[in-house]
$ cat input07.cif   # mmCIF, C-alpha atoms
data_run
#
loop_
_atom_site.group_PDB
_atom_site.id
_atom_site.type_symbol
_atom_site.label_atom_id
_atom_site.label_comp_id
_atom_site.auth_asym_id
_atom_site.auth_seq_id
_atom_site.Cartn_x
_atom_site.Cartn_y
_atom_site.Cartn_z
ATOM 1 C CA MET A 1 6.918 -18.528 3.090
ATOM 2 C CA THR A 2 8.749 -15.280 2.411
ATOM 3 C CA HIS A 3 7.786 -12.533 4.874
ATOM 4 C CA PHE A 4 7.406 -8.939 3.680
ATOM 5 C CA GLY A 5 7.050 -6.210 6.266
ATOM 6 C CA ILE A 6 7.434 -2.566 7.033
ATOM 7 C CA GLY A 7 9.058 -0.843 9.999
ATOM 8 C CA VAL A 8 6.951 1.871 11.626
ATOM 9 C CA SER A 9 7.881 4.684 13.978
ATOM 10 C CA THR A 10 7.666 4.506 17.766
ATOM 11 C CA ALA A 11 7.788 8.305 18.134
ATOM 12 C CA THR A 12 4.871 9.752 20.096
ATOM 13 C CA ALA A 13 4.837 12.716 17.708
ATOM 14 C CA ALA A 14 4.236 10.393 14.743
ATOM 15 C CA VAL A 15 1.194 8.519 16.094
ATOM 16 C CA PRO A 16 -1.357 9.627 13.447
ATOM 17 C CA ASP A 17 0.986 8.750 10.574
ATOM 18 C CA THR A 18 1.942 5.450 12.226
ATOM 19 C CA LEU A 19 -1.670 4.360 12.608
ATOM 20 C CA GLU A 20 -2.383 5.262 8.979
ATOM 21 C CA LEU A 21 0.714 3.422 7.727
ATOM 22 C CA ALA A 22 -0.206 0.254 9.640
ATOM 23 C CA VAL A 23 -3.707 0.188 8.163
ATOM 24 C CA GLN A 24 -2.259 0.855 4.688
ATOM 25 C CA ALA A 25 0.196 -2.046 5.088
ATOM 26 C CA ASP A 26 -2.570 -4.390 6.237
ATOM 27 C CA ARG A 27 -4.909 -3.523 3.378
ATOM 28 C CA ALA A 28 -2.056 -3.906 0.883
ATOM 29 C CA GLY A 29 -1.391 -7.486 1.990
ATOM 30 C CA LEU A 30 1.937 -7.151 3.794
ATOM 31 C CA ASP A 31 2.850 -9.798 6.362
ATOM 32 C CA LEU A 32 4.525 -7.828 9.158
ATOM 33 C CA ILE A 33 4.527 -4.541 11.023
ATOM 34 C CA THR A 34 7.641 -4.083 13.160
ATOM 35 C CA VAL A 35 8.456 -1.658 15.966
ATOM 36 C CA SER A 36 11.592 -1.174 18.054
ATOM 37 C CA ASP A 37 11.802 -1.388 21.855
ATOM 38 C CA HIS A 38 13.526 1.476 23.681
ATOM 39 C CA PRO A 39 11.434 2.117 26.811
ATOM 40 C CA TYR A 40 13.966 4.481 28.402
ATOM 41 C CA TYR A 41 13.183 7.287 25.914
ATOM 42 C CA ALA A 42 10.286 9.517 26.948
ATOM 43 C CA ASP A 43 9.448 10.508 23.369
ATOM 44 C CA ARG A 44 8.974 6.875 22.271
ATOM 45 C CA LEU A 45 5.913 4.710 22.672
ATOM 46 C CA ASP A 46 6.054 1.508 24.669
ATOM 47 C CA ALA A 47 6.598 -1.160 22.020
ATOM 48 C CA TYR A 48 3.935 -3.608 23.167
ATOM 49 C CA ALA A 49 1.341 -0.929 23.889
ATOM 50 C CA GLU A 50 1.882 0.366 20.361
ATOM 51 C CA LEU A 51 1.818 -3.084 18.801
ATOM 52 C CA GLY A 52 -1.415 -3.985 20.589
ATOM 53 C CA VAL A 53 -3.150 -0.919 19.197
ATOM 54 C CA LEU A 54 -1.770 -1.474 15.685
ATOM 55 C CA LEU A 55 -2.939 -5.091 15.677
ATOM 56 C CA GLY A 56 -6.329 -3.962 16.966
ATOM 57 C CA LYS A 57 -6.704 -1.618 14.014
ATOM 58 C CA THR A 58 -5.704 -4.239 11.442
ATOM 59 C CA GLU A 59 -7.138 -7.570 10.341
ATOM 60 C CA ARG A 60 -4.515 -9.768 8.674
ATOM 61 C CA ILE A 61 -1.009 -8.433 9.267
ATOM 62 C CA SER A 62 1.202 -9.806 12.063
ATOM 63 C CA GLY A 63 3.200 -7.747 14.551
ATOM 64 C CA LEU A 64 6.805 -8.023 15.694
ATOM 65 C CA VAL A 65 8.830 -6.090 18.245
ATOM 66 C CA SER A 66 12.237 -6.061 16.587
ATOM 67 C CA VAL A 67 13.640 -6.886 19.033
ATOM 68 C CA THR A 68 12.204 -7.082 22.549
ATOM 69 C CA ASN A 69 14.520 -5.494 25.085
ATOM 70 C CA LEU A 70 14.597 -8.603 27.274
ATOM 71 C CA PRO A 71 16.505 -7.063 30.231
ATOM 72 C CA THR A 72 13.540 -4.707 30.795
ATOM 73 C CA ARG A 73 10.794 -7.310 30.291
ATOM 74 C CA PRO A 74 10.891 -10.332 32.639
ATOM 75 C CA ALA A 75 10.569 -13.477 30.557
ATOM 76 C CA ALA A 76 7.521 -14.897 32.324
ATOM 77 C CA MET A 77 5.587 -11.654 31.898
ATOM 78 C CA LEU A 78 6.763 -11.395 28.300
ATOM 79 C CA ALA A 79 5.345 -14.863 27.675
ATOM 80 C CA ARG A 80 1.985 -13.742 29.090
ATOM 81 C CA THR A 81 2.050 -10.636 26.887
ATOM 82 C CA ILE A 82 2.764 -12.673 23.767
ATOM 83 C CA THR A 83 0.196 -15.400 24.404
ATOM 84 C CA SER A 84 -2.385 -12.718 25.246
ATOM 85 C CA LEU A 85 -1.716 -10.902 21.966
ATOM 86 C CA SER A 86 -1.896 -14.217 20.152
ATOM 87 C CA ALA A 87 -5.300 -14.971 21.674
ATOM 88 C CA LEU A 88 -6.598 -11.477 20.920
ATOM 89 C CA THR A 89 -5.435 -11.431 17.288
ATOM 90 C CA GLY A 90 -5.820 -15.007 16.123
ATOM 91 C CA GLY A 91 -2.084 -15.661 16.270
ATOM 92 C CA ARG A 92 -0.897 -12.549 14.428
ATOM 93 C CA ILE A 93 2.337 -12.189 16.395
ATOM 94 C CA VAL A 94 6.030 -13.053 16.106
ATOM 95 C CA LEU A 95 8.306 -12.761 19.152
ATOM 96 C CA GLY A 96 11.535 -10.859 18.605
ATOM 97 C CA MET A 97 14.157 -11.201 21.374
ATOM 98 C CA GLY A 98 17.362 -9.308 22.077
ATOM 99 C CA VAL A 99 20.201 -9.490 24.575
ATOM 100 C CA GLY A 100 20.045 -5.771 25.362
ATOM 101 C CA GLY A 101 22.766 -3.301 24.525
ATOM 102 C CA LEU A 102 22.271 0.202 25.904
ATOM 103 C CA TRP A 103 23.040 -0.799 29.454
ATOM 104 C CA ASP A 104 23.402 2.703 30.877
ATOM 105 C CA ASP A 105 19.879 3.457 29.638
ATOM 106 C CA ILE A 106 18.570 0.118 30.877
ATOM 107 C CA ALA A 107 20.054 0.876 34.299
ATOM 108 C CA ARG A 108 18.249 4.235 34.379
ATOM 109 C CA LEU A 109 14.998 2.269 34.335
ATOM 110 C CA GLY A 110 16.080 0.530 37.531
ATOM 111 C CA PHE A 111 17.328 -2.741 36.070
ATOM 112 C CA THR A 112 20.658 -4.259 37.050
ATOM 113 C CA LYS A 113 23.510 -3.918 34.595
ATOM 114 C CA LEU A 114 24.753 -7.292 33.411
ATOM 115 C CA THR A 115 28.155 -8.191 32.070
ATOM 116 C CA PRO A 116 28.197 -9.334 28.419
ATOM 117 C CA GLY A 117 28.490 -12.965 29.529
ATOM 118 C CA GLN A 118 25.624 -12.628 32.004
ATOM 119 C CA ALA A 119 23.465 -10.912 29.394
ATOM 120 C CA VAL A 120 23.887 -13.776 26.942
ATOM 121 C CA ARG A 121 23.122 -16.393 29.596
ATOM 122 C CA ALA A 122 20.014 -14.444 30.628
ATOM 123 C CA PHE A 123 19.025 -14.228 26.958
ATOM 124 C CA GLU A 124 19.170 -17.989 26.448
ATOM 125 C CA GLU A 125 17.347 -18.657 29.706
ATOM 126 C CA GLY A 126 14.680 -16.139 28.725
ATOM 127 C CA ILE A 127 14.001 -17.781 25.370
ATOM 128 C CA ARG A 128 13.863 -21.245 26.932
ATOM 129 C CA LEU A 129 11.456 -20.106 29.654
ATOM 130 C CA VAL A 130 9.174 -18.194 27.288
ATOM 131 C CA LYS A 131 8.868 -21.282 25.096
ATOM 132 C CA LEU A 132 7.821 -23.367 28.098
ATOM 133 C CA LEU A 133 4.986 -20.980 28.974
ATOM 134 C CA GLY A 134 2.812 -21.532 25.909
ATOM 135 C CA GLY A 135 0.980 -24.447 24.362
ATOM 136 C CA GLY A 136 -0.567 -25.802 27.546
ATOM 137 C CA GLY A 137 0.757 -28.740 29.510
ATOM 138 C CA GLU A 138 1.865 -29.286 33.064
ATOM 139 C CA PRO A 139 2.794 -26.414 35.417
ATOM 140 C CA VAL A 140 6.325 -25.139 34.904
ATOM 141 C CA THR A 141 8.986 -24.691 37.557
ATOM 142 C CA PHE A 142 12.135 -23.051 36.227
ATOM 143 C CA ASP A 143 15.043 -22.234 38.523
ATOM 144 C CA GLY A 144 17.595 -20.437 36.393
ATOM 145 C CA GLU A 145 20.415 -18.057 37.097
ATOM 146 C CA PHE A 146 18.313 -15.053 36.041
ATOM 147 C CA HIS A 147 14.740 -16.275 35.508
ATOM 148 C CA ARG A 148 12.608 -18.230 37.965
ATOM 149 C CA VAL A 149 8.991 -19.347 38.091
ATOM 150 C CA THR A 150 7.301 -21.819 40.413
ATOM 151 C CA ASN A 151 4.445 -24.141 39.496
ATOM 152 C CA LEU A 152 3.257 -21.732 36.789
ATOM 153 C CA GLU A 153 0.607 -22.995 34.390
ATOM 154 C CA PRO A 154 1.433 -22.355 30.720
ATOM 155 C CA ALA A 155 -1.056 -20.476 28.563
ATOM 156 C CA ARG A 156 -3.031 -22.660 26.160
ATOM 157 C CA GLU A 157 -1.988 -20.572 23.157
ATOM 158 C CA GLN A 158 1.050 -21.767 21.244
ATOM 159 C CA LEU A 159 4.111 -19.541 21.414
ATOM 160 C CA PRO A 160 4.845 -17.928 18.032
ATOM 161 C CA PRO A 161 8.232 -18.209 16.318
ATOM 162 C CA VAL A 162 11.102 -16.523 18.177
ATOM 163 C CA TRP A 163 13.412 -14.369 16.045
ATOM 164 C CA THR A 164 16.525 -12.820 17.544
ATOM 165 C CA GLY A 165 18.726 -9.858 16.756
ATOM 166 C CA SER A 166 21.915 -11.630 17.867
ATOM 167 C CA VAL A 167 25.245 -9.967 17.034
ATOM 168 C CA GLY A 168 28.153 -11.471 19.006
ATOM 169 C CA PRO A 169 29.319 -15.074 18.620
ATOM 170 C CA LYS A 170 27.894 -16.226 21.955
ATOM 171 C CA SER A 171 24.441 -14.794 21.288
ATOM 172 C CA LEU A 172 24.545 -16.105 17.706
ATOM 173 C CA ALA A 173 25.160 -19.573 19.165
ATOM 174 C CA VAL A 174 22.094 -19.103 21.380
ATOM 175 C CA THR A 175 20.080 -18.372 18.235
ATOM 176 C CA GLY A 176 21.300 -21.639 16.747
ATOM 177 C CA ARG A 177 20.400 -23.607 19.863
ATOM 178 C CA VAL A 178 16.967 -22.262 20.747
ATOM 179 C CA ALA A 179 15.559 -19.667 18.304
ATOM 180 C CA ASP A 180 13.516 -19.953 15.112
ATOM 181 C CA GLY A 181 14.827 -16.977 13.181
ATOM 182 C CA TRP A 182 17.532 -14.318 13.001
ATOM 183 C CA MET A 183 17.439 -10.658 11.983
ATOM 184 C CA PRO A 184 21.043 -9.522 11.384
ATOM 185 C CA GLY A 185 22.024 -6.390 13.279
ATOM 186 C CA ARG A 186 22.750 -2.984 11.766
ATOM 187 C CA ALA A 187 20.702 -3.747 8.668
ATOM 188 C CA ALA A 188 23.340 -6.173 7.400
ATOM 189 C CA ASP A 189 22.207 -8.184 4.385
ATOM 190 C CA TRP A 190 23.121 -11.424 2.604
ATOM 191 C CA LEU A 191 26.139 -9.873 0.857
ATOM 192 C CA SER A 192 27.637 -8.365 4.022
ATOM 193 C CA GLU A 193 30.680 -9.504 5.957
ATOM 194 C CA ARG A 194 28.481 -9.630 9.060
ATOM 195 C CA TYR A 195 26.241 -12.237 7.447
ATOM 196 C CA ARG A 196 29.137 -14.265 6.035
ATOM 197 C CA THR A 197 30.832 -14.546 9.419
ATOM 198 C CA SER A 198 27.701 -14.810 11.598
ATOM 199 C CA ARG A 199 25.415 -17.274 9.893
ATOM 200 C CA PRO A 200 27.926 -20.168 10.103
ATOM 201 C CA VAL A 201 28.050 -19.688 13.898
ATOM 202 C CA ILE A 202 24.275 -20.094 14.060
ATOM 203 C CA ASP A 203 24.343 -23.129 11.791
ATOM 204 C CA GLN A 204 27.086 -24.910 13.735
ATOM 205 C CA ALA A 205 25.343 -24.290 17.059
ATOM 206 C CA ALA A 206 22.136 -25.678 15.577
ATOM 207 C CA VAL A 207 23.898 -28.836 14.403
ATOM 208 C CA ASP A 208 25.556 -29.255 17.797
ATOM 209 C CA ALA A 209 22.112 -29.008 19.419
ATOM 210 C CA GLY A 210 20.658 -31.629 17.077
ATOM 211 C CA ARG A 211 18.677 -29.109 15.055
ATOM 212 C CA GLU A 212 18.407 -28.438 11.333
ATOM 213 C CA PRO A 213 20.111 -25.119 10.473
ATOM 214 C CA GLY A 214 17.573 -24.544 7.705
ATOM 215 C CA ASP A 215 14.798 -24.370 10.302
ATOM 216 C CA ILE A 216 16.255 -21.055 11.531
ATOM 217 C CA VAL A 217 15.163 -18.449 9.003
ATOM 218 C CA THR A 218 16.960 -15.195 8.213
ATOM 219 C CA VAL A 219 14.802 -12.071 7.841
ATOM 220 C CA TYR A 220 16.438 -8.758 6.947
ATOM 221 C CA ASN A 221 15.773 -5.199 7.994
ATOM 222 C CA PHE A 222 16.368 -3.590 4.612
ATOM 223 C CA PRO A 223 16.588 0.202 4.303
ATOM 224 C CA GLY A 224 16.831 2.045 1.018
ATOM 225 C CA ARG A 225 15.290 4.506 -1.425
ATOM 226 C CA ILE A 226 12.580 3.480 -3.854
ATOM 227 C CA THR A 227 13.048 5.741 -6.863
ATOM 228 C CA ALA A 228 10.909 6.357 -9.934
ATOM 229 C CA GLU A 229 13.873 5.855 -12.279
ATOM 230 C CA PRO A 230 16.696 3.288 -12.089
ATOM 231 C CA LEU A 231 19.851 4.311 -10.235
ATOM 232 C CA PRO A 232 23.294 3.875 -11.858
ATOM 233 C CA LYS A 233 24.421 1.971 -8.730
ATOM 234 C CA THR A 234 22.192 0.168 -6.262
ATOM 235 C CA ARG A 235 24.959 -0.414 -3.710
ATOM 236 C CA ALA A 236 27.508 1.937 -2.157
ATOM 237 C CA ASP A 237 31.255 1.400 -2.393
ATOM 238 C CA ASP A 238 31.146 -0.504 0.915
ATOM 239 C CA GLY A 239 28.528 -2.883 -0.502
ATOM 240 C CA ARG A 240 25.560 -1.530 1.424
ATOM 241 C CA TRP A 241 22.259 -1.400 -0.471
ATOM 242 C CA ILE A 242 21.232 2.127 -1.502
ATOM 243 C CA GLY A 243 18.008 1.367 -3.322
ATOM 244 C CA GLY A 244 16.721 1.922 -6.818
ATOM 245 C CA SER A 245 13.670 1.644 -9.002
ATOM 246 C CA PRO A 246 10.976 -0.964 -8.280
ATOM 247 C CA ALA A 247 12.498 -3.185 -10.982
ATOM 248 C CA GLN A 248 15.921 -2.976 -9.323
ATOM 249 C CA TRP A 249 14.407 -3.850 -5.942
ATOM 250 C CA ILE A 250 12.532 -6.786 -7.476
ATOM 251 C CA ASP A 251 15.692 -8.198 -9.032
ATOM 252 C CA GLU A 252 17.681 -7.777 -5.822
ATOM 253 C CA LEU A 253 15.112 -9.363 -3.519
ATOM 254 C CA THR A 254 14.232 -12.207 -5.870
ATOM 255 C CA GLY A 255 17.913 -13.097 -6.065
ATOM 256 C CA ALA A 256 18.200 -12.932 -2.291
ATOM 257 C CA VAL A 257 15.400 -15.473 -1.875
ATOM 258 C CA LEU A 258 16.405 -17.845 -4.653
ATOM 259 C CA GLU A 259 20.192 -17.663 -4.317
ATOM 260 C CA HIS A 260 20.749 -16.806 -0.641
ATOM 261 C CA GLU A 261 17.701 -18.366 1.079
ATOM 262 C CA ALA A 262 16.445 -15.056 2.465
ATOM 263 C CA ALA A 263 13.170 -15.657 4.314
ATOM 264 C CA GLY A 264 11.925 -12.100 4.495
ATOM 265 C CA PHE A 265 12.499 -8.367 4.306
ATOM 266 C CA VAL A 266 11.303 -5.442 6.419
ATOM 267 C CA LEU A 267 11.362 -2.147 4.540
ATOM 268 C CA PHE A 268 12.870 0.960 6.097
ATOM 269 C CA GLY A 269 13.674 4.290 4.529
ATOM 270 C CA PRO A 270 17.240 5.536 4.052
ATOM 271 C CA GLY A 271 19.267 5.365 7.257
ATOM 272 C CA GLY A 272 16.638 3.254 8.986
ATOM 273 C CA SER A 273 13.907 5.911 8.862
ATOM 274 C CA THR A 274 10.215 5.102 8.610
ATOM 275 C CA PRO A 275 9.173 4.777 4.952
ATOM 276 C CA ASP A 276 6.918 7.550 3.692
ATOM 277 C CA ALA A 277 3.491 6.830 2.213
ATOM 278 C CA VAL A 278 4.748 6.854 -1.386
ATOM 279 C CA ALA A 279 7.563 4.393 -0.670
ATOM 280 C CA ALA A 280 5.209 2.169 1.329
ATOM 281 C CA ALA A 281 2.711 2.119 -1.548
ATOM 282 C CA ARG A 282 5.385 1.179 -4.089
ATOM 283 C CA TRP A 283 6.747 -1.482 -1.756
ATOM 284 C CA ALA A 284 3.381 -3.116 -1.126
ATOM 285 C CA GLY A 285 1.796 -2.482 -4.508
ATOM 286 C CA GLU A 286 4.658 -3.066 -6.957
ATOM 287 C CA ILE A 287 7.710 -4.689 -5.411
ATOM 288 C CA VAL A 288 6.289 -7.282 -3.027
ATOM 289 C CA PRO A 289 3.730 -8.800 -5.453
ATOM 290 C CA ALA A 290 6.388 -9.075 -8.183
ATOM 291 C CA VAL A 291 8.900 -10.779 -5.871
ATOM 292 C CA ARG A 292 6.219 -13.179 -4.618
ATOM 293 C CA GLU A 293 5.329 -14.063 -8.210
ATOM 294 C CA ALA A 294 8.973 -14.511 -9.265
ATOM 295 C CA VAL A 295 9.754 -16.716 -6.282
ATOM 296 C CA ALA A 296 6.629 -18.825 -6.838
ATOM 297 C CA LYS A 297 7.818 -19.696 -10.349
#
$ encode --input "input07.cif" --output "structure tokens"
Amino acid sequence: MTHFGIGVSTATAAVPDTLELAVQADRAGLDLITVSDHPYYADRLDAYAELGVLLGKTERISGLVSVTNLPTRPAAMLARTITSLSALTGGRIVLGMGVGGLWDDIARLGFTKLTPGQAVRAFEEGIRLVKLLGGGGEPVTFDGEFHRVTNLEPAREQLPPVWTGSVGPKSLAVTGRVADGWMPGRAADWLSERYRTSRPVIDQAAVDAGREPGDIVTVYNFPGRITAEPLPKTRADDGRWIGGSPAQWIDELTGAVLEHEAAGFVLFGPGGSTPDAVAAARWAGEIVPAVREAVAK
């Protein structure tokens, strides 16, 4: 399955537009709504509070926090949040996980700053523990360096796929060992140097862990303009996607799926902004159906 989504705002000032955009995306048949997780900013909504409301207002679309700021959300409680949302929505949830990066901001919330090495170890522990706390089974005792639970009964609901936003080689290796998907950082795509140097790290770690690299999907945050007329160039001099007409988007994304094994795309506006209503309508009404049809052939 190829996933097609749209990134929506977490700004408190944008709530009415965000609610409308989520309902529009659901009715148009998109697969994902994504929100970011920056709880230290007072003008942003809490990611999981927002996602719960958006899923409550929709019927078919799944939700993803891209990516959960794990240092601020203890893994055991995160597992309870995810399995609860799964139960409430009929499984319309994907779990995005991140190492954490803005450590000065994280510390302002009262959480301990970790070194890069500690953060990666906590990240891997967190994913492993979360996966133990869904799907039923015997009570779990986990005595890790950063995460601990004692005799804790797993929820009956299955844990959804875990997608990461790994960037550095150590966290990329964690993705290969324990995750189900990867969303390259900084909106890097399949033609970027970041992808070319990062994906092999994931694949090798997967092989070393006895896993199939192909089981770890790559889904791209993909910003750009959707224009009425074709653009002379769809990529900048540095190779980054600019955008273009619906036909140019269709060609680009179809090639990404068929030639580069892309598993999904989340639309953002230029510079990572929230797409406006016109762009969202063209995305869901013209581009996505055409790519689905081309890939199906």
$ resolve_selection --input "input07.cif" --expression "the PyMOL selection byres ((chain A and resi 161) around 9)" --output "list of chain:residue names"
A:Ile93, A:Val94, A:Leu95, A:Gly96, A:Leu159, A:Pro160, A:Val162, A:Trp163, A:Ala179, A:Asp180, A:Gly181
$ write_last_selection --input "input07.cif" --atoms "C-alpha atoms" --output "short mmCIF file (atom, residue, chain, number, x, y, z; two decimals), in the frame of the given file"
data_model
loop_
_atom_site.label_atom_id
_atom_site.label_comp_id
_atom_site.auth_asym_id
_atom_site.auth_seq_id
_atom_site.Cartn_x
_atom_site.Cartn_y
_atom_site.Cartn_z
CA ILE A 93 2.34 -12.19 16.40
CA VAL A 94 6.03 -13.05 16.11
CA LEU A 95 8.31 -12.76 19.15
CA GLY A 96 11.54 -10.86 18.60
CA LEU A 159 4.11 -19.54 21.41
CA PRO A 160 4.84 -17.93 18.03
CA VAL A 162 11.10 -16.52 18.18
CA TRP A 163 13.41 -14.37 16.05
CA ALA A 179 15.56 -19.67 18.30
CA ASP A 180 13.52 -19.95 15.11
CA GLY A 181 14.83 -16.98 13.18
#
$ resolve_selection --input "input07.cif" --expression "the PyMOL selection byres ((chain A and resi 146) around 8)" --output "number ranges by chain"
A: 122, 125, 144-145, 147-148
$ resolve_selection --input "input07.cif" --expression "the PyMOL selection byres ((chain A and resi 139) around 9)" --output "PyMOL selection string"
chain A and resi 133+136-138+140-141+150-154
$ atom_distance --input "input07.cif" --atom1 "CA of Val201 in chain A" --atom2 "CA of Ser273 in chain A"
29.7 Å
$ residues_around --input "input07.cif" --residues "Gly134 in chain A" --least-positions-apart "2" --cutoff "8 Å" --atoms "only C-alpha atoms" --output "NGL selection string"
:A and (79 or 83 or 130-132 or 136 or 154-159)
$ atom_distance --input "input07.cif" --atom1 "CA of Arg292 in chain A" --atom2 "CA of Ile61 in chain A"
16.4 Å
$ atom_distance --input "input07.cif" --atom1 "CA of Leu109 in chain A" --atom2 "CA of Val67 in chain A"
17.9 Å
$ closest_atom_pairs --input "input07.cif" --of "range 200-296 of chain A" --to "range 18-38 of chain A" --cutoff "8 Å" --atoms "all atoms listed in the file" --output "tab-separated table"
residue	atom	partner	partner_atom	distance
A:Val266	CA	A:Leu32	CA	7.7
A:Ala277	CA	A:Leu21	CA	7.1
A:Ala280	CA	A:Ala25	CA	7.6
A:Ala284	CA	A:Ala28	CA	5.8
A:Gly285	CA	A:Ala28	CA	6.8
$ residues_around --input "input07.cif" --residues "Ala206 in chain A" --least-positions-apart "4" --cutoff "10 Å" --atoms "all atoms listed in the file" --output "PyMOL selection string"
chain A and resi 173-179+200-202+210-216
$ closest_residue --input "input07.cif" --among "A:Pro71, A:Pro232, A:Pro16, A:Pro184" --to "Gly101 in chain A" --atoms "only C-alpha atoms"
A:Pro71
$ residues_around --input "input07.cif" --residues "Ala256 in chain A" --least-positions-apart "6" --cutoff "9 Å" --atoms "all atoms listed in the file" --output "ChimeraX atom specification"
/A:190,262-263
